[in-house]
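Shown next, in structure tokens, is the structure this report addresses.
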Amino acid sequence: MTSGLVLNAISINLAGTPLLHVDAEIKPGETLTLMGPSGSGKSSLLAYLGGFLDPAFSATGAAYLDGRDITQLPAHARKTGILFQDPLLFPHMSVGGNLLFALPASAKGAERRERAESALEEAGLGGFFERDPATLSGGQKARVALMRVLLAEPAALLLDEPFSKLDTSRRDQIREFVFTEARDKNLPVVLVTHDQADAQAAGGLIIELE
């Protein structure tokens, strides 16, 4: 069985107009970066991989994750984790509550709290379990959002310009944190971005879109 994420002749179209066509293999721990202007289909590709492509778009081709065709599966069954430009933390939950929400049902009892606390320690946010997300800085929110995705135990990570709203001083730090975590957990990553520095930090194959 092939490990990693294989994009097999995937094409995204809008009202019959082709936007992009991608053939690529992303091995565990590697990143594929798609660069291009707004409207080139980058985010729509991530939506297709994640199982939530807007009905205004159509797509052909298949994605195989660890040898399994995920393109016919419902979003919750695909094991793809996605980070967006905004952290999208639940405002009515504490930081810890956001992390607990992501844990799989197999985590029971005290183990749930322990795993959430451990994730916060790993992100340099020990002691933040009871904090209100509204009190966090942009960089702290980004780290919590990443740990929430990782606690859901994805088999691939999709990054939709997650660094674009961070101030310059934080961007390098969060980039390094995200890509290090992905490599450590051996996840294939698809990044879409406008920023050449994102692509350089990610390493791996870069596809430039028109």
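Within each chain, counting starts at residue 1; across the structure tokens, chains are named A, B, ... in the order shown, with ligands numbered 1 upward in that order.
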Which parts of segment 146-179 of chain A does DSSP call strand (DSSP E or B) when run on the backbone here, written out as a PDB file with N, CA, C and O atoms, in the first residue's frame?
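The resulting selection_39.pdb:
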ATOM      1  N   ALA A 156      -3.399  13.348   6.791  1.00  0.00           N
ATOM      2  CA  ALA A 156      -2.818  14.362   5.908  1.00  0.00           C
ATOM      3  C   ALA A 156      -3.230  15.730   6.419  1.00  0.00           C
ATOM      4  O   ALA A 156      -4.269  15.883   7.078  1.00  0.00           O
ATOM      5  N   LEU A 157      -2.404  16.729   6.111  1.00  0.00           N
ATOM      6  CA  LEU A 157      -2.650  18.091   6.582  1.00  0.00           C
ATOM      7  C   LEU A 157      -2.790  19.012   5.378  1.00  0.00           C
ATOM      8  O   LEU A 157      -1.943  19.022   4.475  1.00  0.00           O
ATOM      9  N   LEU A 158      -3.877  19.799   5.358  1.00  0.00           N
ATOM     10  CA  LEU A 158      -4.150  20.756   4.291  1.00  0.00           C
ATOM     11  C   LEU A 158      -4.045  22.162   4.872  1.00  0.00           C
ATOM     12  O   LEU A 158      -4.679  22.463   5.889  1.00  0.00           O
ATOM     13  N   LEU A 159      -3.242  23.005   4.242  1.00  0.00           N
ATOM     14  CA  LEU A 159      -2.967  24.344   4.771  1.00  0.00           C
ATOM     15  C   LEU A 159      -3.439  25.395   3.777  1.00  0.00           C
ATOM     16  O   LEU A 159      -2.869  25.531   2.693  1.00  0.00           O
ATOM     17  N   ASP A 160      -4.495  26.128   4.138  1.00  0.00           N
ATOM     18  CA  ASP A 160      -5.072  27.142   3.255  1.00  0.00           C
ATOM     19  C   ASP A 160      -4.623  28.531   3.713  1.00  0.00           C
ATOM     20  O   ASP A 160      -5.313  29.210   4.452  1.00  0.00           O
TER      21      ASP A 160
END
(request) Can you pull out every residue within 12 Å of segment 58-67 of chain A, counting only C-alpha atoms, but drop anything in the same chain fewer than 2 positions away, and send it as an MDAnalysis selection string? (result) chainID A and resid 1:28 41 44:56 69:73 77:80 154:157 186:189
(request) Could you check how far atom CA of Asp132 of chain A sits from atom CA of Val95 of chain A, in Å to one decimal? (result)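 Distance between the two atoms: 6.1 Å.
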(request) Find, counting only C-alpha atoms, the residue in A:Ser94, A:Thr193, A:Ser106, A:Thr180 that gets nearest to Gly127 of chain A. (result) A:Ser94
(request) Between atom CA of Glu153 of chain A and atom CA of Phe179 of chain A, measure the distance and give it in Å to one decimal. (result)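 Atom CA of Phe179 of chain A lies 15.9 Å from atom CA of Glu153 of chain A.
Comparing A:Leu100, A:Pro87, A:Glu161, A:Gly124 by their smallest distance to Lys141 of chain A, the closest is A:Pro87 (using only C-alpha atoms).
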(request) Name all residues at most 12 Å from segment 108-113 of chain A (count only C-alpha atoms; drop same-chain ones fewer than 2 positions away) and give them as a list in words. (result) Val95, Gly96, Gly97, Asn98, Leu99, Leu100, Phe101, Ala102, Leu103, Pro104, Ala105, Ser106, Arg115, Ala116, Glu117, Ser118, Ala119, Leu120, Phe129, Glu130, Leu151 and Ala152 of chain A
